[in-house]
$ cat start_39.cif   # mmCIF, C-alpha atoms
data_upload
#
loop_
_atom_site.group_PDB
_atom_site.id
_atom_site.type_symbol
_atom_site.label_atom_id
_atom_site.label_comp_id
_atom_site.auth_asym_id
_atom_site.auth_seq_id
_atom_site.Cartn_x
_atom_site.Cartn_y
_atom_site.Cartn_z
ATOM 1 C CA MET A 1 16.360 15.471 13.432
ATOM 2 C CA VAL A 2 16.971 11.940 14.471
ATOM 3 C CA TYR A 3 17.455 10.830 18.063
ATOM 4 C CA LEU A 4 20.224 8.694 19.478
ATOM 5 C CA LYS A 5 19.658 5.716 21.752
ATOM 6 C CA CYS A 6 22.113 4.138 24.145
ATOM 7 C CA ASN A 7 20.720 1.144 26.037
ATOM 8 C CA ASP A 8 17.308 2.425 27.175
ATOM 9 C CA ASP A 9 18.205 6.147 27.211
ATOM 10 C CA TYR A 10 17.447 8.577 24.421
ATOM 11 C CA ALA A 11 19.217 11.748 23.327
ATOM 12 C CA ASP A 12 16.369 13.426 21.494
ATOM 13 C CA PHE A 13 16.896 17.133 20.939
ATOM 14 C CA ASP A 14 13.576 17.620 19.134
ATOM 15 C CA PHE A 15 11.672 15.856 21.918
ATOM 16 C CA ASN A 16 13.258 18.141 24.508
ATOM 17 C CA LEU A 17 12.320 21.184 22.417
ATOM 18 C CA LEU A 18 8.770 19.854 22.118
ATOM 19 C CA LYS A 19 8.503 19.412 25.893
ATOM 20 C CA ASP A 20 9.768 22.959 26.479
ATOM 21 C CA PHE A 21 7.401 24.427 23.907
ATOM 22 C CA LEU A 22 4.372 22.529 25.226
ATOM 23 C CA GLU A 23 5.163 23.780 28.734
ATOM 24 C CA LEU A 24 5.140 27.356 27.356
ATOM 25 C CA ILE A 25 1.822 26.682 25.629
ATOM 26 C CA ASP A 26 0.449 25.214 28.868
ATOM 27 C CA THR A 27 1.435 28.414 30.682
ATOM 28 C CA LYS A 28 -0.340 30.610 28.115
ATOM 29 C CA ILE A 29 -3.445 28.420 28.175
ATOM 30 C CA ALA A 30 -3.482 28.457 32.000
ATOM 31 C CA GLU A 31 -3.199 32.268 31.972
ATOM 32 C CA GLY A 32 -6.136 32.439 29.585
ATOM 33 C CA ASP A 33 -8.156 29.965 31.632
ATOM 34 C CA ASN A 34 -7.567 31.983 34.812
ATOM 35 C CA LYS A 35 -8.508 35.204 33.012
ATOM 36 C CA PHE A 36 -11.696 33.600 31.697
ATOM 37 C CA LYS A 37 -12.657 32.398 35.179
ATOM 38 C CA LEU A 38 -12.259 35.945 36.475
ATOM 39 C CA THR A 39 -13.867 37.869 33.624
ATOM 40 C CA LYS A 40 -16.166 35.373 31.845
ATOM 41 C CA ASN A 41 -15.057 37.201 28.685
ATOM 42 C CA GLU A 42 -15.770 34.836 25.772
ATOM 43 C CA CYS A 43 -12.962 36.399 23.705
ATOM 44 C CA VAL A 44 -10.452 34.821 26.091
ATOM 45 C CA LEU A 45 -11.626 31.400 24.892
ATOM 46 C CA ASP A 46 -10.526 32.335 21.372
ATOM 47 C CA THR A 47 -7.040 33.021 22.730
ATOM 48 C CA ILE A 48 -6.982 29.632 24.451
ATOM 49 C CA GLU A 49 -8.092 28.016 21.182
ATOM 50 C CA TYR A 50 -5.281 29.767 19.308
ATOM 51 C CA TYR A 51 -2.623 28.474 21.692
ATOM 52 C CA ALA A 52 -4.149 24.990 21.729
ATOM 53 C CA GLY A 53 -3.882 24.893 17.941
ATOM 54 C CA PHE A 54 -0.172 25.656 18.172
ATOM 55 C CA GLY A 55 0.260 22.829 20.674
ATOM 56 C CA PHE A 56 -1.100 20.364 18.121
ATOM 57 C CA ILE A 57 1.111 21.893 15.413
ATOM 58 C CA ALA A 58 4.219 21.483 17.606
ATOM 59 C CA ILE A 59 3.401 17.809 18.140
ATOM 60 C CA GLN A 60 2.955 17.355 14.389
ATOM 61 C CA ARG A 61 6.318 18.971 13.768
ATOM 62 C CA TYR A 62 7.941 16.493 16.153
ATOM 63 C CA PHE A 63 6.105 13.627 14.450
ATOM 64 C CA HIS A 64 7.356 14.722 11.022
ATOM 65 C CA SER A 65 10.906 15.269 12.248
ATOM 66 C CA THR A 66 11.049 11.807 13.827
ATOM 67 C CA TYR A 67 9.216 9.139 11.873
ATOM 68 C CA PRO A 68 10.913 9.367 8.420
ATOM 69 C CA GLN A 69 14.314 8.369 9.820
ATOM 70 C CA VAL A 70 12.841 5.389 11.642
ATOM 71 C CA MET A 71 9.812 4.255 9.651
ATOM 72 C CA PRO A 72 9.301 5.697 6.175
ATOM 73 C CA ASP A 73 5.630 4.637 6.035
ATOM 74 C CA LYS A 74 3.651 7.538 7.520
ATOM 75 C CA ARG A 75 0.485 5.458 8.075
ATOM 76 C CA LYS A 76 2.400 2.819 10.036
ATOM 77 C CA ALA A 77 4.137 5.546 12.022
ATOM 78 C CA LEU A 78 0.776 7.108 12.929
ATOM 79 C CA ASP A 79 -0.563 3.694 13.932
ATOM 80 C CA ALA A 80 2.424 2.990 16.187
ATOM 81 C CA CYS A 81 0.894 5.191 18.885
ATOM 82 C CA PRO A 82 -1.428 3.540 21.420
ATOM 83 C CA ASN A 83 -5.125 3.923 20.590
ATOM 84 C CA GLY A 84 -4.326 5.717 17.320
ATOM 85 C CA LEU A 85 -3.643 8.883 19.279
ATOM 86 C CA MET A 86 -0.855 10.168 17.017
ATOM 87 C CA ALA A 87 -3.311 10.202 14.102
ATOM 88 C CA VAL A 88 -5.676 12.336 16.221
ATOM 89 C CA LEU A 89 -2.867 14.712 17.236
ATOM 90 C CA ASN A 90 -1.718 14.976 13.618
ATOM 91 C CA ALA A 91 -5.290 15.699 12.489
ATOM 92 C CA GLY A 92 -5.522 18.342 15.222
ATOM 93 C CA ALA A 93 -2.561 20.148 13.719
ATOM 94 C CA ASN A 94 -4.078 19.943 10.244
ATOM 95 C CA PHE A 95 -7.371 21.253 11.618
ATOM 96 C CA ALA A 96 -5.633 24.160 13.360
ATOM 97 C CA LYS A 97 -3.676 25.046 10.219
ATOM 98 C CA HIS A 98 -6.345 24.625 7.561
ATOM 99 C CA SER A 99 -9.856 24.945 9.000
ATOM 100 C CA GLU A 100 -9.992 28.698 8.343
ATOM 101 C CA GLU A 101 -9.591 28.096 4.618
ATOM 102 C CA TRP A 102 -12.389 25.527 4.364
ATOM 103 C CA PRO A 103 -15.594 26.792 2.748
ATOM 104 C CA ILE A 104 -18.601 27.230 5.016
ATOM 105 C CA ASP A 105 -21.257 27.062 2.339
ATOM 106 C CA GLN A 106 -19.801 24.288 0.178
ATOM 107 C CA GLU A 107 -19.018 20.620 0.479
ATOM 108 C CA LEU A 108 -15.632 19.919 2.028
ATOM 109 C CA GLY A 109 -12.900 18.122 0.152
ATOM 110 C CA LYS A 110 -11.809 14.589 1.066
ATOM 111 C CA ASN A 111 -8.756 15.734 3.049
ATOM 112 C CA ALA A 112 -10.807 18.198 5.081
ATOM 113 C CA GLU A 113 -13.458 15.577 5.840
ATOM 114 C CA LYS A 114 -10.826 13.012 6.831
ATOM 115 C CA THR A 115 -9.162 15.567 9.108
ATOM 116 C CA ILE A 116 -12.453 16.450 10.795
ATOM 117 C CA ASN A 117 -13.511 12.817 11.207
ATOM 118 C CA THR A 118 -10.146 11.807 12.665
ATOM 119 C CA PHE A 119 -9.825 14.842 14.937
ATOM 120 C CA PHE A 120 -13.397 15.096 16.170
ATOM 121 C CA GLY A 121 -14.031 11.356 16.465
ATOM 122 C CA ASN A 122 -17.159 10.997 18.592
ATOM 123 C CA ASP A 123 -16.520 14.225 20.524
ATOM 124 C CA ASP A 124 -18.683 17.325 20.161
ATOM 125 C CA LEU A 125 -16.061 19.978 19.495
ATOM 126 C CA SER A 126 -18.282 22.554 17.825
ATOM 127 C CA ASN A 127 -16.963 25.514 19.845
ATOM 128 C CA HIS A 128 -13.203 25.873 20.293
ATOM 129 C CA PRO A 129 -12.359 22.427 18.911
ATOM 130 C CA CYS A 130 -8.623 22.400 19.665
ATOM 131 C CA ALA A 131 -9.051 23.384 23.320
ATOM 132 C CA ASN A 132 -11.995 21.018 23.735
ATOM 133 C CA LYS A 133 -10.098 18.122 22.157
ATOM 134 C CA LEU A 134 -7.113 18.817 24.397
ATOM 135 C CA PHE A 135 -9.445 18.586 27.392
ATOM 136 C CA ALA A 136 -11.067 15.418 26.017
ATOM 137 C CA LEU A 137 -7.642 13.789 25.607
ATOM 138 C CA THR A 138 -6.046 14.895 28.885
ATOM 139 C CA GLN A 139 -8.951 15.810 31.191
ATOM 140 C CA SER A 140 -7.070 19.090 31.552
ATOM 141 C CA LEU A 141 -5.838 21.937 29.421
ATOM 142 C CA PHE A 142 -2.216 20.786 29.646
ATOM 143 C CA PHE A 143 -0.352 19.492 26.605
ATOM 144 C CA SER A 144 2.408 18.332 28.944
ATOM 145 C CA ASN A 145 0.038 15.510 29.968
ATOM 146 C CA LEU A 146 0.510 14.125 26.447
ATOM 147 C CA ILE A 147 4.309 13.963 26.727
ATOM 148 C CA PRO A 148 4.405 10.398 28.143
ATOM 149 C CA ILE A 149 2.197 9.207 25.266
ATOM 150 C CA ILE A 150 4.372 10.921 22.667
ATOM 151 C CA GLU A 151 7.452 9.417 24.294
ATOM 152 C CA GLU A 152 5.780 5.991 24.241
ATOM 153 C CA TRP A 153 5.084 6.509 20.525
ATOM 154 C CA ARG A 154 8.743 7.337 19.849
ATOM 155 C CA ASN A 155 9.826 4.254 21.799
ATOM 156 C CA ALA A 156 7.355 2.103 19.838
ATOM 157 C CA LEU A 157 8.851 3.409 16.591
ATOM 158 C CA ASP A 158 12.298 2.558 17.852
ATOM 159 C CA SER A 159 11.150 -0.941 18.853
ATOM 160 C CA PHE A 160 9.662 -1.443 15.400
ATOM 161 C CA GLN A 161 12.931 -0.372 13.770
ATOM 162 C CA SER A 162 14.934 -2.698 16.033
ATOM 163 C CA LEU A 163 12.576 -5.579 15.205
ATOM 164 C CA SER A 164 12.806 -4.841 11.472
ATOM 165 C CA GLU A 165 16.605 -4.775 11.605
ATOM 166 C CA SER A 166 16.784 -8.094 13.464
ATOM 167 C CA THR A 167 14.387 -9.881 11.077
ATOM 168 C CA GLY A 168 15.485 -8.111 7.875
#
$ encode --input "start_39.cif" --output "structure tokens"
Amino acid sequence: MVYLKCNDDYADFDFNLLKDFLELIDTKIAEGDNKFKLTKNECVLDTIEYYAGFGFIAIQRYFHSTYPQVMPDKRKALDACPNGLMAVLNAGANFAKHSEEWPIDQELGKNAEKTINTFFGNDDLSNHPCANKLFALTQSLFFSNLIPIIEEWRNALDSFQSLSESTG
């Protein structure tokens, strides 16, 4: 889905859906966090990890629904985000979707290694990587704290398209 822009305002249906979904994920993660604080039950952390993975996947879905209409080059679209954060968020989704299928006792393929290197960066995410990365990125367990960055990324894409059209 493509967004519409009028002056400095955006009509972006997919972005609004993403915000709503991330708020739901935040609620589920907060419920799990509160339950963990009360019970200290380690299984609750697995639930938080599960929801965190879906937060990254939702962001990736927005990324893939937005960039092709504006900037066909995926690498450039990933790089349009400040500090390369969209590449990290995209790798987080790939990690959440595919890490269970990666062999434990064999060498990883190139895509798996690239995903891990991009997602983990210099962070130690050995236990519950998606939840820990979310905390490393936001200093909280709230995906909604990433919304301004994702919006800034979309605006940067739009600026790039406007610049390309004026010089092309």
$ atom_distance --input "start_39.cif" --atom1 "atom CA of A:Phe142" --atom2 "atom CA of A:Asp73"
29.7 Å
$ residues_around --input "start_39.cif" --residues "A:His98" --least-positions-apart "4" --cutoff "12 Å" --atoms "all atoms listed in the file" --output "ChimeraX atom specification"
/A:53,57,91-94,102-103,108-109,111-113,115-116
$ closest_residue --input "start_39.cif" --among "A:Ile25, A:Ala156, A:Leu125, A:Leu17" --to "A:Ile48" --atoms "all atoms listed in the file"
A:Ile25
$ residues_around --input "start_39.cif" --residues "stretch 75-86 of chain A" --least-positions-apart "2" --cutoff "10 Å" --atoms "only C-alpha atoms" --output "compact mmCIF listing (two decimals) with C-alpha atoms, in the frame of the given file"
# COMPACT_ATOMS: atom_id res chain seq x y z
CA ILE A 59 3.40 17.81 18.14
CA GLN A 60 2.96 17.36 14.39
CA PHE A 63 6.10 13.63 14.45
CA HIS A 64 7.36 14.72 11.02
CA THR A 66 11.05 11.81 13.83
CA TYR A 67 9.22 9.14 11.87
CA PRO A 68 10.91 9.37 8.42
CA VAL A 70 12.84 5.39 11.64
CA MET A 71 9.81 4.26 9.65
CA PRO A 72 9.30 5.70 6.18
CA ASP A 73 5.63 4.64 6.04
CA VAL A 88 -5.68 12.34 16.22
CA LEU A 89 -2.87 14.71 17.24
CA ASN A 90 -1.72 14.98 13.62
CA ALA A 91 -5.29 15.70 12.49
CA GLY A 92 -5.52 18.34 15.22
CA THR A 118 -10.15 11.81 12.66
CA PHE A 119 -9.82 14.84 14.94
CA LEU A 137 -7.64 13.79 25.61
CA LEU A 146 0.51 14.12 26.45
CA ILE A 149 2.20 9.21 25.27
CA ILE A 150 4.37 10.92 22.67
CA GLU A 151 7.45 9.42 24.29
CA GLU A 152 5.78 5.99 24.24
CA TRP A 153 5.08 6.51 20.52
CA ARG A 154 8.74 7.34 19.85
CA ASN A 155 9.83 4.25 21.80
CA ALA A 156 7.36 2.10 19.84
CA LEU A 157 8.85 3.41 16.59
CA SER A 159 11.15 -0.94 18.85
CA PHE A 160 9.66 -1.44 15.40
$ axis_aligned_box --input "start_39.cif" --around "stretch 29-37 of chain A" --padding-each-side "5 Å" --output "lines of an AutoDock Vina configuration file"
center_x = -7.9
center_y = 31.8
center_z = 31.7
size_x = 19.5
size_y = 16.8
size_z = 17.0
$ closest_residue --input "start_39.cif" --among "A:Lys133, A:His128, A:Lys74, A:Lys35" --to "A:Ala87" --atoms "all atoms listed in the file"
A:Lys74
$ closest_residue --input "start_39.cif" --among "A:Ala96, A:Ala136, A:Ala30, A:Ile104" --to "A:Phe54" --atoms "all atoms listed in the file"
A:Ala96
$ closest_residue --input "start_39.cif" --among "A:Thr47, A:Asn16, A:Asn34, A:Thr39" --to "A:Ala131" --atoms "all atoms listed in the file"
A:Thr47
$ closest_residue --input "start_39.cif" --among "A:Gln69, A:Tyr50, A:Phe135, A:Lys114" --to "A:Lys97" --atoms "all atoms listed in the file"
A:Tyr50
$ resolve_selection --input "start_39.cif" --expression "the PyMOL selection byres ((chain A and resi 144) around 10)" --output "PyMOL selection string"
chain A and resi 18-26+55+138+140-143+145-150
$ atom_distance --input "start_39.cif" --atom1 "atom CA of A:Asp33" --atom2 "atom CA of A:Ala58"
20.5 Å
$ atom_distance --input "start_39.cif" --atom1 "atom CA of A:Phe120" --atom2 "atom CA of A:Glu107"
17.6 Å
$ closest_residue --input "start_39.cif" --among "A:Val44, A:Asp14, A:Phe56, A:Phe95" --to "A:Gly32" --atoms "all atoms listed in the file"
A:Val44
$ decode --input "start_39.cif" --residues "stretch 44-82 of chain A" --atoms "N, CA and C atoms" --output "PDB file, in the first residue's frame"
ATOM      1  N   VAL A  44       7.393 -17.243  31.270  1.00  0.00           N
ATOM      2  CA  VAL A  44       6.767 -15.991  30.856  1.00  0.00           C
ATOM      3  C   VAL A  44       7.693 -15.227  29.908  1.00  0.00           C
ATOM      4  N   LEU A  45       8.998 -15.345  30.106  1.00  0.00           N
ATOM      5  CA  LEU A  45       9.947 -14.657  29.232  1.00  0.00           C
ATOM      6  C   LEU A  45       9.856 -15.184  27.804  1.00  0.00           C
ATOM      7  N   ASP A  46       9.547 -16.470  27.653  1.00  0.00           N
ATOM      8  CA  ASP A  46       9.368 -17.031  26.316  1.00  0.00           C
ATOM      9  C   ASP A  46       8.155 -16.408  25.619  1.00  0.00           C
ATOM     10  N   THR A  47       7.114 -16.127  26.391  1.00  0.00           N
ATOM     11  CA  THR A  47       5.931 -15.473  25.835  1.00  0.00           C
ATOM     12  C   THR A  47       6.273 -14.061  25.387  1.00  0.00           C
ATOM     13  N   ILE A  48       7.022 -13.339  26.210  1.00  0.00           N
ATOM     14  CA  ILE A  48       7.448 -11.988  25.839  1.00  0.00           C
ATOM     15  C   ILE A  48       8.282 -12.035  24.565  1.00  0.00           C
ATOM     16  N   GLU A  49       9.172 -13.001  24.472  1.00  0.00           N
ATOM     17  CA  GLU A  49      10.014 -13.162  23.277  1.00  0.00           C
ATOM     18  C   GLU A  49       9.159 -13.400  22.037  1.00  0.00           C
ATOM     19  N   TYR A  50       8.136 -14.222  22.171  1.00  0.00           N
ATOM     20  CA  TYR A  50       7.242 -14.535  21.060  1.00  0.00           C
ATOM     21  C   TYR A  50       6.575 -13.261  20.538  1.00  0.00           C
ATOM     22  N   TYR A  51       6.014 -12.479  21.447  1.00  0.00           N
ATOM     23  CA  TYR A  51       5.359 -11.237  21.041  1.00  0.00           C
ATOM     24  C   TYR A  51       6.363 -10.240  20.464  1.00  0.00           C
ATOM     25  N   ALA A  52       7.539 -10.163  21.042  1.00  0.00           N
ATOM     26  CA  ALA A  52       8.561  -9.249  20.525  1.00  0.00           C
ATOM     27  C   ALA A  52       8.920  -9.616  19.083  1.00  0.00           C
ATOM     28  N   GLY A  53       9.018 -10.899  18.806  1.00  0.00           N
ATOM     29  CA  GLY A  53       9.293 -11.336  17.436  1.00  0.00           C
ATOM     30  C   GLY A  53       8.236 -10.834  16.466  1.00  0.00           C
ATOM     31  N   PHE A  54       6.971 -10.900  16.872  1.00  0.00           N
ATOM     32  CA  PHE A  54       5.901 -10.424  16.002  1.00  0.00           C
ATOM     33  C   PHE A  54       5.926  -8.911  15.829  1.00  0.00           C
ATOM     34  N   GLY A  55       6.444  -8.182  16.799  1.00  0.00           N
ATOM     35  CA  GLY A  55       6.617  -6.746  16.629  1.00  0.00           C
ATOM     36  C   GLY A  55       7.590  -6.444  15.502  1.00  0.00           C
ATOM     37  N   PHE A  56       8.728  -7.163  15.502  1.00  0.00           N
ATOM     38  CA  PHE A  56       9.703  -6.972  14.423  1.00  0.00           C
ATOM     39  C   PHE A  56       9.118  -7.363  13.071  1.00  0.00           C
ATOM     40  N   ILE A  57       8.335  -8.438  13.047  1.00  0.00           N
ATOM     41  CA  ILE A  57       7.723  -8.894  11.788  1.00  0.00           C
ATOM     42  C   ILE A  57       6.734  -7.843  11.269  1.00  0.00           C
ATOM     43  N   ALA A  58       5.975  -7.225  12.148  1.00  0.00           N
ATOM     44  CA  ALA A  58       5.022  -6.186  11.726  1.00  0.00           C
ATOM     45  C   ALA A  58       5.756  -4.999  11.109  1.00  0.00           C
ATOM     46  N   ILE A  59       6.876  -4.623  11.702  1.00  0.00           N
ATOM     47  CA  ILE A  59       7.665  -3.513  11.157  1.00  0.00           C
ATOM     48  C   ILE A  59       8.204  -3.888   9.779  1.00  0.00           C
ATOM     49  N   GLN A  60       8.658  -5.130   9.627  1.00  0.00           N
ATOM     50  CA  GLN A  60       9.152  -5.575   8.327  1.00  0.00           C
ATOM     51  C   GLN A  60       8.038  -5.542   7.283  1.00  0.00           C
ATOM     52  N   ARG A  61       6.857  -5.935   7.680  1.00  0.00           N
ATOM     53  CA  ARG A  61       5.735  -5.908   6.740  1.00  0.00           C
ATOM     54  C   ARG A  61       5.477  -4.477   6.262  1.00  0.00           C
ATOM     55  N   TYR A  62       5.525  -3.526   7.186  1.00  0.00           N
ATOM     56  CA  TYR A  62       5.347  -2.124   6.799  1.00  0.00           C
ATOM     57  C   TYR A  62       6.468  -1.687   5.846  1.00  0.00           C
ATOM     58  N   PHE A  63       7.688  -2.052   6.189  1.00  0.00           N
ATOM     59  CA  PHE A  63       8.838  -1.728   5.339  1.00  0.00           C
ATOM     60  C   PHE A  63       8.602  -2.235   3.914  1.00  0.00           C
ATOM     61  N   HIS A  64       8.199  -3.508   3.798  1.00  0.00           N
ATOM     62  CA  HIS A  64       8.028  -4.108   2.477  1.00  0.00           C
ATOM     63  C   HIS A  64       6.789  -3.596   1.748  1.00  0.00           C
ATOM     64  N   SER A  65       5.830  -3.062   2.482  1.00  0.00           N
ATOM     65  CA  SER A  65       4.653  -2.506   1.808  1.00  0.00           C
ATOM     66  C   SER A  65       4.888  -1.060   1.376  1.00  0.00           C
ATOM     67  N   THR A  66       5.950  -0.439   1.885  1.00  0.00           N
ATOM     68  CA  THR A  66       6.178   0.979   1.631  1.00  0.00           C
ATOM     69  C   THR A  66       7.292   1.253   0.636  1.00  0.00           C
ATOM     70  N   TYR A  67       8.450   0.650   0.843  1.00  0.00           N
ATOM     71  CA  TYR A  67       9.612   1.085   0.052  1.00  0.00           C
ATOM     72  C   TYR A  67       9.500   0.824  -1.451  1.00  0.00           C
ATOM     73  N   PRO A  68       8.913  -0.279  -1.935  1.00  0.00           N
ATOM     74  CA  PRO A  68       8.961  -0.526  -3.388  1.00  0.00           C
ATOM     75  C   PRO A  68       8.283   0.565  -4.223  1.00  0.00           C
ATOM     76  N   GLN A  69       7.245   1.200  -3.682  1.00  0.00           N
ATOM     77  CA  GLN A  69       6.557   2.240  -4.435  1.00  0.00           C
ATOM     78  C   GLN A  69       7.360   3.539  -4.481  1.00  0.00           C
ATOM     79  N   VAL A  70       8.284   3.692  -3.532  1.00  0.00           N
ATOM     80  CA  VAL A  70       9.008   4.944  -3.412  1.00  0.00           C
ATOM     81  C   VAL A  70      10.447   4.811  -3.893  1.00  0.00           C
ATOM     82  N   MET A  71      11.083   3.705  -3.517  1.00  0.00           N
ATOM     83  CA  MET A  71      12.495   3.496  -3.823  1.00  0.00           C
ATOM     84  C   MET A  71      12.703   2.007  -4.110  1.00  0.00           C
ATOM     85  N   PRO A  72      12.792   1.628  -5.356  1.00  0.00           N
ATOM     86  CA  PRO A  72      12.870   0.208  -5.687  1.00  0.00           C
ATOM     87  C   PRO A  72      14.106  -0.518  -5.142  1.00  0.00           C
ATOM     88  N   ASP A  73      15.158   0.194  -4.814  1.00  0.00           N
ATOM     89  CA  ASP A  73      16.384  -0.422  -4.316  1.00  0.00           C
ATOM     90  C   ASP A  73      16.257  -0.690  -2.815  1.00  0.00           C
ATOM     91  N   LYS A  74      16.116  -1.961  -2.455  1.00  0.00           N
ATOM     92  CA  LYS A  74      15.901  -2.336  -1.054  1.00  0.00           C
ATOM     93  C   LYS A  74      17.052  -1.872  -0.164  1.00  0.00           C
ATOM     94  N   ARG A  75      18.290  -2.033  -0.607  1.00  0.00           N
ATOM     95  CA  ARG A  75      19.449  -1.637   0.204  1.00  0.00           C
ATOM     96  C   ARG A  75      19.412  -0.140   0.521  1.00  0.00           C
ATOM     97  N   LYS A  76      19.114   0.669  -0.491  1.00  0.00           N
ATOM     98  CA  LYS A  76      19.025   2.113  -0.274  1.00  0.00           C
ATOM     99  C   LYS A  76      17.870   2.444   0.664  1.00  0.00           C
ATOM    100  N   ALA A  77      16.775   1.715   0.522  1.00  0.00           N
ATOM    101  CA  ALA A  77      15.625   1.949   1.402  1.00  0.00           C
ATOM    102  C   ALA A  77      15.979   1.615   2.852  1.00  0.00           C
ATOM    103  N   LEU A  78      16.698   0.518   3.060  1.00  0.00           N
ATOM    104  CA  LEU A  78      17.133   0.163   4.418  1.00  0.00           C
ATOM    105  C   LEU A  78      18.061   1.239   4.977  1.00  0.00           C
ATOM    106  N   ASP A  79      18.940   1.747   4.137  1.00  0.00           N
ATOM    107  CA  ASP A  79      19.923   2.741   4.576  1.00  0.00           C
ATOM    108  C   ASP A  79      19.322   4.122   4.798  1.00  0.00           C
ATOM    109  N   ALA A  80      18.097   4.344   4.351  1.00  0.00           N
ATOM    110  CA  ALA A  80      17.472   5.655   4.512  1.00  0.00           C
ATOM    111  C   ALA A  80      17.116   5.959   5.966  1.00  0.00           C
ATOM    112  N   CYS A  81      17.100   4.947   6.793  1.00  0.00           N
ATOM    113  CA  CYS A  81      16.761   5.127   8.212  1.00  0.00           C
ATOM    114  C   CYS A  81      17.990   5.594   8.987  1.00  0.00           C
ATOM    115  N   PRO A  82      17.808   6.527   9.923  1.00  0.00           N
ATOM    116  CA  PRO A  82      18.939   6.994  10.724  1.00  0.00           C
ATOM    117  C   PRO A  82      19.654   5.847  11.430  1.00  0.00           C
TER     118      PRO A  82
END
